[in-house]
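J.: Encoded as structure tokens, here's the structure I'll be asking about.
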Protein chains: 4
Amino acid sequence: MRTKAQPTTAIATSDAERILIRGHDLVEELIGQVSFTEMFLLQLTGKRPTPAQVRVLDTVLVTLMEHGLTPSVIAARLIYHSAPDALQAGVAAGLLGVGSTFIGTMEGCAALLEEMLAAPEGVEARAEAIARRMREAGKPVHGFGHPHHKPDDPRTPRMLAVAEKEGVPGRHIAALRALSTAVDAAYGRHLTVNATGASAALLGEIGIPQKVMRGVAVVSRSAGLVGHIYEESRKPAAAFMWETVDEAIPYQPDA
Amino acid sequence: MRTKAQPTTAIATSDAERILIRGHDLVEELIGQVSFTEMFLLQLTGKRPTPAQVRVLDTVLVTLMEHGLTPSVIAARLIYHSAPDALQAGVAAGLLGVGSTFIGTMEGCAALLEEMLAAPEGVEARAEAIARRMREAGKPVHGFGHPHHKPDDPRTPRMLAVAEKEGVPGRHIAALRALSTAVDAAYGRHLTVNATGASAALLGEIGIPQKVMRGVAVVSRSAGLVGHIYEESRKPAAAFMWETVDEAIPYQPDA
Amino acid sequence: MRTKAQPTTAIATSDAERILIRGHDLVEELIGQVSFTEMFLLQLTGKRPTPAQVRVLDTVLVTLMEHGLTPSVIAARLIYHSAPDALQAGVAAGLLGVGSTFIGTMEGCAALLEEMLAAPEGVEARAEAIARRMREAGKPVHGFGHPHHKPDDPRTPRMLAVAEKEGVPGRHIAALRALSTAVDAAYGRHLTVNATGASAALLGEIGIPQKVMRGVAVVSRSAGLVGHIYEESRKPAAAFMWETVDEAIPYQPDA
Amino acid sequence: MRTKAQPTTAIATSDAERILIRGHDLVEELIGQVSFTEMFLLQLTGKRPTPAQVRVLDTVLVTLMEHGLTPSVIAARLIYHSAPDALQAGVAAGLLGVGSTFIGTMEGCAALLEEMLAAPEGVEARAEAIARRMREAGKPVHGFGHPHHKPDDPRTPRMLAVAEKEGVPGRHIAALRALSTAVDAAYGRHLTVNATGASAALLGEIGIPQKVMRGVAVVSRSAGLVGHIYEESRKPAAAFMWETVDEAIPYQPDA
């Protein structure tokens, strides 16, 4: 029994001779003429991006691709070791870790920026209110602080500088800077704006909605994970990881 | 009990001030200076790619990103509908379909090209032997034929033309053309070289090993799937897909 | 740099001759002596369950295993079709759909039951408050209502009867019945308690914490999905599903 | 354009009052009357199993559920740590490791047993031929040997004894014993029959086809993984695993 109205898709259609993606002929207009990043923006938004938008998205994709032996990478290499004939499963296992614990801070920071940009009392006033609110709740501010990159995350100024050089509108970046000032004042010490905070601002600048920002991280990480899986295929480390973890965590029955 | 020698990783390391990826300082040398595709090649191969290699990889990544409501896309949209707070799970579910049925033909074609390029009797002679072998076994030749794009897959000539314009060495493309000639002769009719066949040749030209080619498809598809999940969030189709499938497949007990 | 204290695991350990799980010798005490369901409860809780607890968990596991061509099943069959040499990927893709949309109602209902059982003013008074709260918010009450099983979900009375016959303490079931009475009064019509509501009560009765209830559904569904994948291997339906969905959803460009 | 004939499903159907699974009324005939394991066999094979078949499947499901901090478990705990609001993703990530490396030996052993049972020259003669073939190829025999459980895997005799006590036909077990004798003779030393070898024989005895045996392991492991994820939620170990692995594997650039 059908109960749902018929939906449509605006992404793609094809016949024997032609593949249309977002209204553009794949063969005549896209292959050989656009980069992966330009195509990704077209696929996502339905519009041909400007060169500045492409470079800003590249900045985020390049920044998030790789950061050593993270939980995602370890999971991907262990699963690839367990199922080497299904490379896609190793990547998928790792991508399942692009979740609330790490990427949630990007989404959370984006939500704060949108709250500030929509506040009738103005960006600075709302930034101060947010910083006080987080401070009083004893919570970390999304997009601020880093366990290793102290006192400052070296990626952040670079990312913001690239976006500003590209001439983005600048509202999200200005909001992030206002929040940073308010956070330092409320906490009485300097907290770095980390790379996920900077990513939230940059993606906001090029019109990526908050709810799909996690998808940008997924795409970037997929490339990072393929690199690790290829290394695993040539220099196996997963069996050693397994032994190392097993040895490091002793058995102790519940009392 | 440790039994494995200690492995190392050549991909990344970091300290408080610096992140090194493949020997390059992420902040000083990469962010704002390289595209996603260039970074992906560096991550994968450990070497800075040439501009031609980047454009050839872009060609494959752009070609494979999107082809309508494929099994991967349907799975991704259904899973996103079921777990909308875990966007990464929708993408991962779809990527699990980048397997032997569809991408296997890319890998299979790459294996044929490598067999031809290594053959002591020469590329043409081996191409003829392969075409006869497949014909006699009644098997499809990997990288040839397409259910919809007949008589010719429109993507293929474009992809090959882009690569040739970029001045790639051309051995894999020449092998693919030789195989095409031999296949048409052996089968007594024209079989199109499809986009997975062309992808195998292009990735071979830029030195991507056959065993990791599936990873290139995974990265490209991840972007396509994020686009579909974003559309699903604004124009839901998954519940309609479910009803449609449920209604189309009747219950019939085993005899 | 290590910053975390060393954790321990209370689940299992082994040496050359012996495997201990939750303090029990796998070979001497478990294999051939306990059922899957008994073993699952031991694995999860660390304690040998009573026969009543086992039968109540079996009731939930049997109820949730299968309900036709659901989104999870369709995803699993499509992915198995795409990667038939990686059966585990088909199951995993389907399990990724055991998320907030469907199983969330079980968790939500469990949370309501726990709220009622902890209320100082008593179960009935809190039930009425909850029903009013949900009614005023215009929200569905978790565990109530069903699109197809109207006016009553036939599974629910059976599930509750089995648990009561097994002599469970009965507090969660009583709370669910009180909530049902309050919901019918607040909404002015009868809303069925559905199978996820009944599952929440039964799992509460045997001490399964709300946060891991989703895991019970995952285990049950894994068996259902393996059944569908085996059917797919003998009577392929995935390619037909794909064509059917593709044909049913037309391309329509954004305005 | 439809090209596929309409398939049917023999698994389930439902209307407002009734859910039929494999021809049985879920409420009237199954809930409260069958165990999970009995239901799983009905779902998979379409037939009500005998009590002996249920106990043999329970034997395999109980044996494979848990074996400490395996790659699957480590992956599941890392992913749960990264996305704690999506428990199903942690389980799915772990299940993706039920692949060729570990479970492949069960399938490989089942294939050998089927080869022996179909051999015109008889089981013993084919067992000797197989053992010689493997020995000469320098390959391990699927289902034989174990890195830790030496000289004998303690699970195996127990599993076989349970099945024999249940009065299974015994052809697959006899084939496994014949293979064991032949392997010991060909290799000139005793190789243990491991638990995956015993599982292959037991599943063969109850008519589970080789191609779906991996699914039995997936179901069993799903329960094991839920136990680990619940422990992770109360006694977090994933962040420690991450630090431990990161510290144990140094960065060393390619030469």
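Letters A, B, ... go to the chains of the structure tokens in the order shown; residues in each chain start at 1; ligands are counted from 1 in the same order.
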If you count only C-alpha atoms, which residues fall within 8 Å of Ala10 in chain C, apart from same-chain ones fewer than 5 positions away, as a ChimeraX atom specification?
T.: /A:251-254 /C:22
J.: Excluding Thr9 in chain D and residues on its chain fewer than 3 positions from it, collect all residues at most 10 Å away from it, counting only C-alpha atoms, and give them as a short mmCIF file (atom, residue, chain, number, x, y, z; two decimals) with all heavy atoms, in the first residue's frame.
T.:
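After the write, selection_6.cif holds the following:
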```cif
data_model
loop_
_atom_site.label_atom_id
_atom_site.label_comp_id
_atom_site.auth_asym_id
_atom_site.auth_seq_id
_atom_site.Cartn_x
_atom_site.Cartn_y
_atom_site.Cartn_z
N ILE B 249 7.56 -6.67 -4.84
CA ILE B 249 8.07 -8.04 -4.68
C ILE B 249 7.11 -8.82 -3.80
O ILE B 249 7.10 -8.68 -2.58
CB ILE B 249 9.49 -8.02 -4.07
CG1 ILE B 249 10.43 -7.26 -5.02
CG2 ILE B 249 10.00 -9.44 -3.83
CD1 ILE B 249 11.86 -7.15 -4.54
N PRO B 250 6.28 -9.67 -4.40
CA PRO B 250 5.26 -10.37 -3.60
C PRO B 250 5.85 -11.53 -2.78
O PRO B 250 6.92 -12.07 -3.08
CB PRO B 250 4.30 -10.91 -4.67
CG PRO B 250 5.10 -10.99 -5.92
CD PRO B 250 6.19 -9.95 -5.83
N TYR B 251 5.10 -11.87 -1.76
CA TYR B 251 5.42 -13.03 -0.90
C TYR B 251 4.94 -14.28 -1.61
O TYR B 251 3.80 -14.35 -2.07
CB TYR B 251 4.71 -12.87 0.43
CG TYR B 251 4.79 -14.06 1.35
CD1 TYR B 251 5.99 -14.43 1.93
CD2 TYR B 251 3.64 -14.81 1.66
CE1 TYR B 251 6.06 -15.52 2.80
CE2 TYR B 251 3.70 -15.89 2.52
CZ TYR B 251 4.91 -16.25 3.09
OH TYR B 251 4.97 -17.32 3.95
N GLN B 252 5.80 -15.26 -1.71
CA GLN B 252 5.38 -16.55 -2.25
C GLN B 252 6.15 -17.63 -1.53
O GLN B 252 7.37 -17.77 -1.71
CB GLN B 252 5.66 -16.59 -3.75
CG GLN B 252 5.12 -17.85 -4.40
CD GLN B 252 5.47 -17.90 -5.87
OE1 GLN B 252 5.04 -17.04 -6.68
NE2 GLN B 252 6.27 -18.87 -6.25
N PRO B 253 5.45 -18.41 -0.72
CA PRO B 253 6.16 -19.41 0.10
C PRO B 253 6.86 -20.43 -0.79
O PRO B 253 6.42 -20.69 -1.91
CB PRO B 253 5.04 -20.08 0.90
CG PRO B 253 3.81 -19.29 0.69
CD PRO B 253 4.00 -18.45 -0.52
N ASP B 254 7.94 -20.98 -0.28
CA ASP B 254 8.60 -22.07 -0.99
C ASP B 254 7.64 -23.24 -1.12
O ASP B 254 6.82 -23.48 -0.24
CB ASP B 254 9.85 -22.51 -0.21
CG ASP B 254 10.98 -21.48 -0.34
OD1 ASP B 254 11.07 -20.83 -1.40
OD2 ASP B 254 11.76 -21.35 0.61
N GLY C 68 9.78 -8.48 7.01
CA GLY C 68 9.64 -8.26 5.58
C GLY C 68 10.72 -7.37 4.98
O GLY C 68 11.81 -7.24 5.53
N LEU C 69 10.39 -6.71 3.87
CA LEU C 69 11.37 -5.96 3.09
C LEU C 69 11.53 -4.55 3.64
O LEU C 69 11.11 -3.56 3.03
CB LEU C 69 10.97 -5.96 1.61
CG LEU C 69 10.94 -7.36 0.97
CD1 LEU C 69 10.30 -7.31 -0.41
CD2 LEU C 69 12.34 -7.95 0.89
N HIS C 228 17.89 -13.11 4.73
CA HIS C 228 17.60 -12.44 3.47
C HIS C 228 18.77 -12.54 2.48
O HIS C 228 18.56 -12.65 1.27
CB HIS C 228 17.24 -10.97 3.71
CG HIS C 228 15.80 -10.80 4.07
ND1 HIS C 228 14.80 -10.80 3.13
CD2 HIS C 228 15.18 -10.67 5.26
CE1 HIS C 228 13.62 -10.65 3.72
NE2 HIS C 228 13.82 -10.58 5.02
N GLU C 231 18.64 -15.86 0.91
CA GLU C 231 17.60 -15.88 -0.14
C GLU C 231 18.08 -15.14 -1.39
O GLU C 231 17.87 -15.60 -2.51
CB GLU C 231 16.29 -15.27 0.36
CG GLU C 231 15.20 -15.32 -0.71
CD GLU C 231 13.81 -14.88 -0.24
OE1 GLU C 231 13.56 -13.66 -0.18
OE2 GLU C 231 12.98 -15.74 0.07
N GLU C 232 18.73 -13.99 -1.19
CA GLU C 232 19.25 -13.22 -2.33
C GLU C 232 20.22 -14.06 -3.16
O GLU C 232 20.26 -13.95 -4.38
CB GLU C 232 19.93 -11.94 -1.83
CG GLU C 232 20.50 -11.02 -2.91
CD GLU C 232 19.42 -10.37 -3.78
OE1 GLU C 232 18.30 -10.17 -3.29
OE2 GLU C 232 19.71 -10.09 -4.96
N LYS C 235 17.68 -16.58 -4.91
CA LYS C 235 16.63 -15.97 -5.72
C LYS C 235 16.89 -14.47 -5.79
O LYS C 235 16.27 -13.68 -5.07
CB LYS C 235 15.25 -16.22 -5.07
CG LYS C 235 14.94 -17.70 -4.84
CD LYS C 235 13.45 -17.96 -4.65
CE LYS C 235 12.87 -17.31 -3.43
NZ LYS C 235 11.43 -17.59 -3.25
N PRO C 236 17.79 -14.05 -6.70
CA PRO C 236 18.23 -12.65 -6.71
C PRO C 236 17.06 -11.68 -6.93
O PRO C 236 16.26 -11.85 -7.84
CB PRO C 236 19.19 -12.60 -7.90
CG PRO C 236 19.64 -14.01 -8.09
CD PRO C 236 18.46 -14.87 -7.71
N ALA C 237 17.01 -10.67 -6.10
CA ALA C 237 15.98 -9.63 -6.23
C ALA C 237 16.59 -8.23 -6.28
O ALA C 237 15.90 -7.28 -6.64
CB ALA C 237 15.01 -9.72 -5.05
N ALA D 12 8.72 -13.51 4.50
CA ALA D 12 7.71 -12.95 5.39
C ALA D 12 6.67 -12.14 4.65
O ALA D 12 6.91 -11.63 3.55
CB ALA D 12 8.37 -12.07 6.44
N THR D 13 5.51 -12.03 5.25
CA THR D 13 4.46 -11.13 4.79
C THR D 13 3.63 -10.74 6.01
O THR D 13 3.71 -11.39 7.05
CB THR D 13 3.58 -11.78 3.71
OG1 THR D 13 2.73 -10.77 3.14
CG2 THR D 13 2.71 -12.89 4.29
N ARG D 22 8.02 -17.40 7.21
CA ARG D 22 8.26 -18.77 6.71
C ARG D 22 7.02 -19.63 6.89
O ARG D 22 7.11 -20.81 7.24
CB ARG D 22 9.44 -19.39 7.45
CG ARG D 22 10.78 -18.72 7.17
CD ARG D 22 11.15 -18.91 5.72
NE ARG D 22 12.56 -18.65 5.43
CZ ARG D 22 13.05 -18.76 4.19
NH1 ARG D 22 12.26 -19.08 3.18
NH2 ARG D 22 14.32 -18.53 3.96
#
```
J.: Using only C-alpha atoms, what does the table of chain D residues within 6 Å of chain A look like, with each row giving the shortest atom pair and its distance in Å to one decimal, sorted by chain and ascending number, as CSV?
T.:
```
residue,atom,partner,partner_atom,distance
D:Leu69,CA,A:Asp246,CA,5.6
D:Pro71,CA,A:Leu78,CA,5.5
D:Ala75,CA,A:Ala75,CA,4.4
D:Leu78,CA,A:Pro71,CA,5.5
D:Ile79,CA,A:Gly97,CA,4.8
D:Ser82,CA,A:Gly97,CA,5.0
D:Ala83,CA,A:Gly99,CA,4.4
D:Ala93,CA,A:Ala93,CA,4.6
D:Gly97,CA,A:Ile79,CA,4.8
D:Gly99,CA,A:Ala83,CA,4.4
D:Ser100,CA,A:Ala83,CA,5.2
D:Thr101,CA,A:Ser82,CA,5.0
D:Met241,CA,A:Val245,CA,6.0
D:Trp242,CA,A:Pro71,CA,6.0
D:Val245,CA,A:Met241,CA,6.0
D:Asp246,CA,A:Leu69,CA,5.6
```
J.: Which residues come within 12 Å of Asp184 in chain B, counting only C-alpha atoms, excluding same-chain residues fewer than 4 positions away, as a list of chain:residue names?
T.: B:Ala127, B:Glu128, B:Ala131, B:Arg132, B:Arg135, B:Val141, B:Phe144, B:Gly145, B:Arg177, B:Ala178, B:Leu179, B:Ser180, B:Gly188, B:Arg189, B:His190, B:Leu191, B:Thr192, B:Val193
J.: What would the file look like if the residues just selected were written as a PDB file, in the first residue's frame with N, CA and C atoms?
T.:
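Resulting contents of again.pdb:
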```pdb
ATOM      1  N   ALA B 127      46.907  -9.497 -26.505  1.00  0.00           N
ATOM      2  CA  ALA B 127      45.517  -9.009 -26.583  1.00  0.00           C
ATOM      3  C   ALA B 127      44.656 -10.001 -27.341  1.00  0.00           C
ATOM      4  N   GLU B 128      45.178 -10.495 -28.443  1.00  0.00           N
ATOM      5  CA  GLU B 128      44.419 -11.475 -29.225  1.00  0.00           C
ATOM      6  C   GLU B 128      44.184 -12.754 -28.430  1.00  0.00           C
ATOM      7  N   ALA B 131      41.495 -12.080 -25.799  1.00  0.00           N
ATOM      8  CA  ALA B 131      40.156 -11.967 -26.389  1.00  0.00           C
ATOM      9  C   ALA B 131      39.621 -13.356 -26.750  1.00  0.00           C
ATOM     10  N   ARG B 132      40.471 -14.188 -27.332  1.00  0.00           N
ATOM     11  CA  ARG B 132      40.046 -15.563 -27.656  1.00  0.00           C
ATOM     12  C   ARG B 132      39.696 -16.341 -26.398  1.00  0.00           C
ATOM     13  N   ARG B 135      36.399 -15.166 -25.008  1.00  0.00           N
ATOM     14  CA  ARG B 135      35.350 -15.571 -25.941  1.00  0.00           C
ATOM     15  C   ARG B 135      35.030 -17.058 -25.772  1.00  0.00           C
ATOM     16  N   VAL B 141      34.429  -9.596 -21.140  1.00  0.00           N
ATOM     17  CA  VAL B 141      35.781  -9.063 -20.945  1.00  0.00           C
ATOM     18  C   VAL B 141      35.675  -7.857 -20.022  1.00  0.00           C
ATOM     19  N   PHE B 144      34.669  -4.015 -20.824  1.00  0.00           N
ATOM     20  CA  PHE B 144      34.004  -3.925 -22.126  1.00  0.00           C
ATOM     21  C   PHE B 144      32.498  -4.154 -21.966  1.00  0.00           C
ATOM     22  N   GLY B 145      31.723  -3.467 -22.815  1.00  0.00           N
ATOM     23  CA  GLY B 145      30.272  -3.621 -22.795  1.00  0.00           C
ATOM     24  C   GLY B 145      29.621  -2.735 -21.746  1.00  0.00           C
ATOM     25  N   ARG B 177      43.563   0.074 -26.168  1.00  0.00           N
ATOM     26  CA  ARG B 177      43.120   0.155 -27.567  1.00  0.00           C
ATOM     27  C   ARG B 177      43.397  -1.166 -28.304  1.00  0.00           C
ATOM     28  N   ALA B 178      44.535  -1.744 -28.031  1.00  0.00           N
ATOM     29  CA  ALA B 178      44.863  -3.028 -28.674  1.00  0.00           C
ATOM     30  C   ALA B 178      43.866  -4.104 -28.252  1.00  0.00           C
ATOM     31  N   LEU B 179      43.528  -4.077 -26.983  1.00  0.00           N
ATOM     32  CA  LEU B 179      42.564  -5.068 -26.489  1.00  0.00           C
ATOM     33  C   LEU B 179      41.207  -4.859 -27.151  1.00  0.00           C
ATOM     34  N   SER B 180      40.835  -3.591 -27.340  1.00  0.00           N
ATOM     35  CA  SER B 180      39.554  -3.284 -27.970  1.00  0.00           C
ATOM     36  C   SER B 180      39.510  -3.837 -29.395  1.00  0.00           C
ATOM     37  N   GLY B 188      33.416 -10.624 -33.234  1.00  0.00           N
ATOM     38  CA  GLY B 188      32.727 -10.375 -34.500  1.00  0.00           C
ATOM     39  C   GLY B 188      31.729  -9.228 -34.457  1.00  0.00           C
ATOM     40  N   ARG B 189      31.879  -8.380 -33.445  1.00  0.00           N
ATOM     41  CA  ARG B 189      31.040  -7.183 -33.371  1.00  0.00           C
ATOM     42  C   ARG B 189      31.720  -6.196 -32.427  1.00  0.00           C
ATOM     43  N   HIS B 190      31.226  -4.962 -32.461  1.00  0.00           N
ATOM     44  CA  HIS B 190      31.865  -3.930 -31.650  1.00  0.00           C
ATOM     45  C   HIS B 190      31.349  -3.950 -30.212  1.00  0.00           C
ATOM     46  N   LEU B 191      32.275  -4.061 -29.288  1.00  0.00           N
ATOM     47  CA  LEU B 191      31.930  -3.918 -27.872  1.00  0.00           C
ATOM     48  C   LEU B 191      32.549  -2.631 -27.371  1.00  0.00           C
ATOM     49  N   THR B 192      31.761  -1.798 -26.706  1.00  0.00           N
ATOM     50  CA  THR B 192      32.315  -0.533 -26.232  1.00  0.00           C
ATOM     51  C   THR B 192      33.329  -0.763 -25.116  1.00  0.00           C
ATOM     52  N   VAL B 193      34.351   0.081 -25.098  1.00  0.00           N
ATOM     53  CA  VAL B 193      35.185   0.170 -23.895  1.00  0.00           C
ATOM     54  C   VAL B 193      34.409   1.046 -22.922  1.00  0.00           C
TER      55      VAL B 193
END
```
J.: Identify, with DSSP run on backbone atoms, the residues in range 14-221 of chain C assigned to strand (DSSP E), and express the list as a PyMOL selection string.
T.: chain C and resi 14+19-21+24-25
J.: Counting only C-alpha atoms, which residue out of A:Ile21, A:Leu117, A:Leu26, A:Leu112 sits closest to Arg158 in chain B?
T.: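 Of all the options, A:Leu26 lies closest to Arg158 in chain B.
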J.: Tell me which protein, DNA and RNA residues are within 10 Å of Glu114 in chain C, counting only C-alpha atoms, leaving out same-chain ones fewer than 3 positions away, and put them as a PyMOL selection string.
T.: chain C and resi 108-111+117-119+123+171-172+175+201+204+210
J.: Rank C:Val216, C:Val62, C:Ala163, C:Ala137 by their smallest atom-to-atom distance to Leu41 in chain C, using only C-alpha atoms, and report the top residue only.
T.: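 For Leu41 in chain C, the nearest of the given residues is C:Val216.
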J.: In Å to one decimal, how far is CA of Gly167 in chain D from CA of Gly23 in chain D?
T.: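 Atom-to-atom, CA of Gly23 in chain D and CA of Gly167 in chain D are spaced 27.7 Å apart.
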J.: Find the residues around Val212 in chain D up to 10 Å (only C-alpha atoms counted), leave out those fewer than 2 positions away in its own chain, and share them as a list of chain:residue names.
T.: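 These residues fall inside the cut-off: C:Leu87, C:Val226, C:Gly227, C:Ile229, C:Tyr230, C:Ser233, D:Leu44, D:Glu107, D:Leu203, D:Ile208, D:Pro209, D:Gln210, D:Arg214, D:Gly215, D:Val216, D:Ala217.
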J.: Residues near Leu64 in chain C, anyone? I mean within 9 Å using only C-alpha atoms, not counting same-chain ones fewer than 5 positions away, as a ChimeraX atom specification.
T.: /C:59,195-196,199,217,220-221,224
J.: Which of these, D:Ser222, D:His149, D:Met134, D:Pro169, has the shortest distance to Val183 in chain D once you count only C-alpha atoms?
T.: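 Distance minimum relative to Val183 in chain D lands on D:Met134.
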J.: With a distance cut-off of 7 Å and only C-alpha atoms, select the neighbouring residues of range 45-53 of chain A, excluding the residue or stretch itself and same-chain residues fewer than 3 positions from it, and output the selection as a PyMOL selection string.
T.: chain A and resi 22+38+41-42+56-57+166+206
J.: If you keep all heavy atoms, can you produce a file of those selected residues as a PDB file, in the first residue's frame?
T.:
```pdb
ATOM      1  N   ARG A  22      23.317  17.365 -12.461  1.00  0.00           N
ATOM      2  CA  ARG A  22      22.970  18.736 -12.061  1.00  0.00           C
ATOM      3  C   ARG A  22      22.789  19.634 -13.280  1.00  0.00           C
ATOM      4  O   ARG A  22      23.202  20.811 -13.277  1.00  0.00           O
ATOM      5  CB  ARG A  22      24.059  19.301 -11.143  1.00  0.00           C
ATOM      6  CG  ARG A  22      24.152  18.612  -9.788  1.00  0.00           C
ATOM      7  CD  ARG A  22      22.892  18.778  -9.005  1.00  0.00           C
ATOM      8  NE  ARG A  22      23.034  18.494  -7.577  1.00  0.00           N
ATOM      9  CZ  ARG A  22      22.016  18.634  -6.745  1.00  0.00           C
ATOM     10  NH1 ARG A  22      20.826  19.039  -7.163  1.00  0.00           N
ATOM     11  NH2 ARG A  22      22.180  18.354  -5.468  1.00  0.00           N
ATOM     12  N   GLU A  38      35.635  20.792  -7.417  1.00  0.00           N
ATOM     13  CA  GLU A  38      34.611  21.559  -8.123  1.00  0.00           C
ATOM     14  C   GLU A  38      33.392  20.667  -8.388  1.00  0.00           C
ATOM     15  O   GLU A  38      32.238  21.086  -8.191  1.00  0.00           O
ATOM     16  CB  GLU A  38      35.204  22.086  -9.435  1.00  0.00           C
ATOM     17  CG  GLU A  38      34.310  23.085 -10.124  1.00  0.00           C
ATOM     18  CD  GLU A  38      35.021  23.782 -11.294  1.00  0.00           C
ATOM     19  OE1 GLU A  38      36.256  23.619 -11.463  1.00  0.00           O
ATOM     20  OE2 GLU A  38      34.333  24.493 -12.055  1.00  0.00           O
ATOM     21  N   LEU A  41      31.342  20.104  -5.197  1.00  0.00           N
ATOM     22  CA  LEU A  41      30.473  21.244  -4.880  1.00  0.00           C
ATOM     23  C   LEU A  41      29.262  21.303  -5.806  1.00  0.00           C
ATOM     24  O   LEU A  41      28.148  21.612  -5.363  1.00  0.00           O
ATOM     25  CB  LEU A  41      31.265  22.552  -4.940  1.00  0.00           C
ATOM     26  CG  LEU A  41      32.043  22.872  -3.662  1.00  0.00           C
ATOM     27  CD1 LEU A  41      33.068  23.982  -3.914  1.00  0.00           C
ATOM     28  CD2 LEU A  41      31.098  23.288  -2.531  1.00  0.00           C
ATOM     29  N   LEU A  42      29.469  20.981  -7.076  1.00  0.00           N
ATOM     30  CA  LEU A  42      28.341  20.944  -8.004  1.00  0.00           C
ATOM     31  C   LEU A  42      27.350  19.847  -7.595  1.00  0.00           C
ATOM     32  O   LEU A  42      26.134  20.066  -7.544  1.00  0.00           O
ATOM     33  CB  LEU A  42      28.864  20.700  -9.427  1.00  0.00           C
ATOM     34  CG  LEU A  42      27.797  20.474 -10.506  1.00  0.00           C
ATOM     35  CD1 LEU A  42      26.920  21.708 -10.685  1.00  0.00           C
ATOM     36  CD2 LEU A  42      28.455  20.081 -11.835  1.00  0.00           C
ATOM     37  N   VAL A  56      38.599  27.268  -1.130  1.00  0.00           N
ATOM     38  CA  VAL A  56      38.278  27.196   0.297  1.00  0.00           C
ATOM     39  C   VAL A  56      37.899  25.767   0.692  1.00  0.00           C
ATOM     40  O   VAL A  56      38.331  25.249   1.728  1.00  0.00           O
ATOM     41  CB  VAL A  56      37.161  28.201   0.663  1.00  0.00           C
ATOM     42  CG1 VAL A  56      36.653  27.966   2.081  1.00  0.00           C
ATOM     43  CG2 VAL A  56      37.691  29.635   0.513  1.00  0.00           C
ATOM     44  N   LEU A  57      37.114  25.089  -0.150  1.00  0.00           N
ATOM     45  CA  LEU A  57      36.785  23.699   0.162  1.00  0.00           C
ATOM     46  C   LEU A  57      38.043  22.832   0.113  1.00  0.00           C
ATOM     47  O   LEU A  57      38.246  21.962   0.973  1.00  0.00           O
ATOM     48  CB  LEU A  57      35.720  23.154  -0.792  1.00  0.00           C
ATOM     49  CG  LEU A  57      35.301  21.700  -0.523  1.00  0.00           C
ATOM     50  CD1 LEU A  57      34.835  21.495   0.917  1.00  0.00           C
ATOM     51  CD2 LEU A  57      34.214  21.262  -1.485  1.00  0.00           C
ATOM     52  N   GLU A 166      41.108  34.591  -0.531  1.00  0.00           N
ATOM     53  CA  GLU A 166      40.185  34.248  -1.626  1.00  0.00           C
ATOM     54  C   GLU A 166      38.985  35.195  -1.672  1.00  0.00           C
ATOM     55  O   GLU A 166      38.126  35.073  -2.546  1.00  0.00           O
ATOM     56  CB  GLU A 166      39.697  32.802  -1.493  1.00  0.00           C
ATOM     57  CG  GLU A 166      40.781  31.767  -1.681  1.00  0.00           C
ATOM     58  CD  GLU A 166      41.355  31.750  -3.116  1.00  0.00           C
ATOM     59  OE1 GLU A 166      40.682  32.241  -4.037  1.00  0.00           O
ATOM     60  OE2 GLU A 166      42.478  31.272  -3.277  1.00  0.00           O
ATOM     61  N   ILE A 206      31.413  29.299   2.505  1.00  0.00           N
ATOM     62  CA  ILE A 206      31.082  28.896   1.126  1.00  0.00           C
ATOM     63  C   ILE A 206      29.695  28.259   1.045  1.00  0.00           C
ATOM     64  O   ILE A 206      29.351  27.623   0.044  1.00  0.00           O
ATOM     65  CB  ILE A 206      32.160  27.964   0.521  1.00  0.00           C
ATOM     66  CG1 ILE A 206      32.318  26.682   1.349  1.00  0.00           C
ATOM     67  CG2 ILE A 206      33.486  28.701   0.405  1.00  0.00           C
ATOM     68  CD1 ILE A 206      33.220  25.643   0.666  1.00  0.00           C
TER      69      ILE A 206
END
```
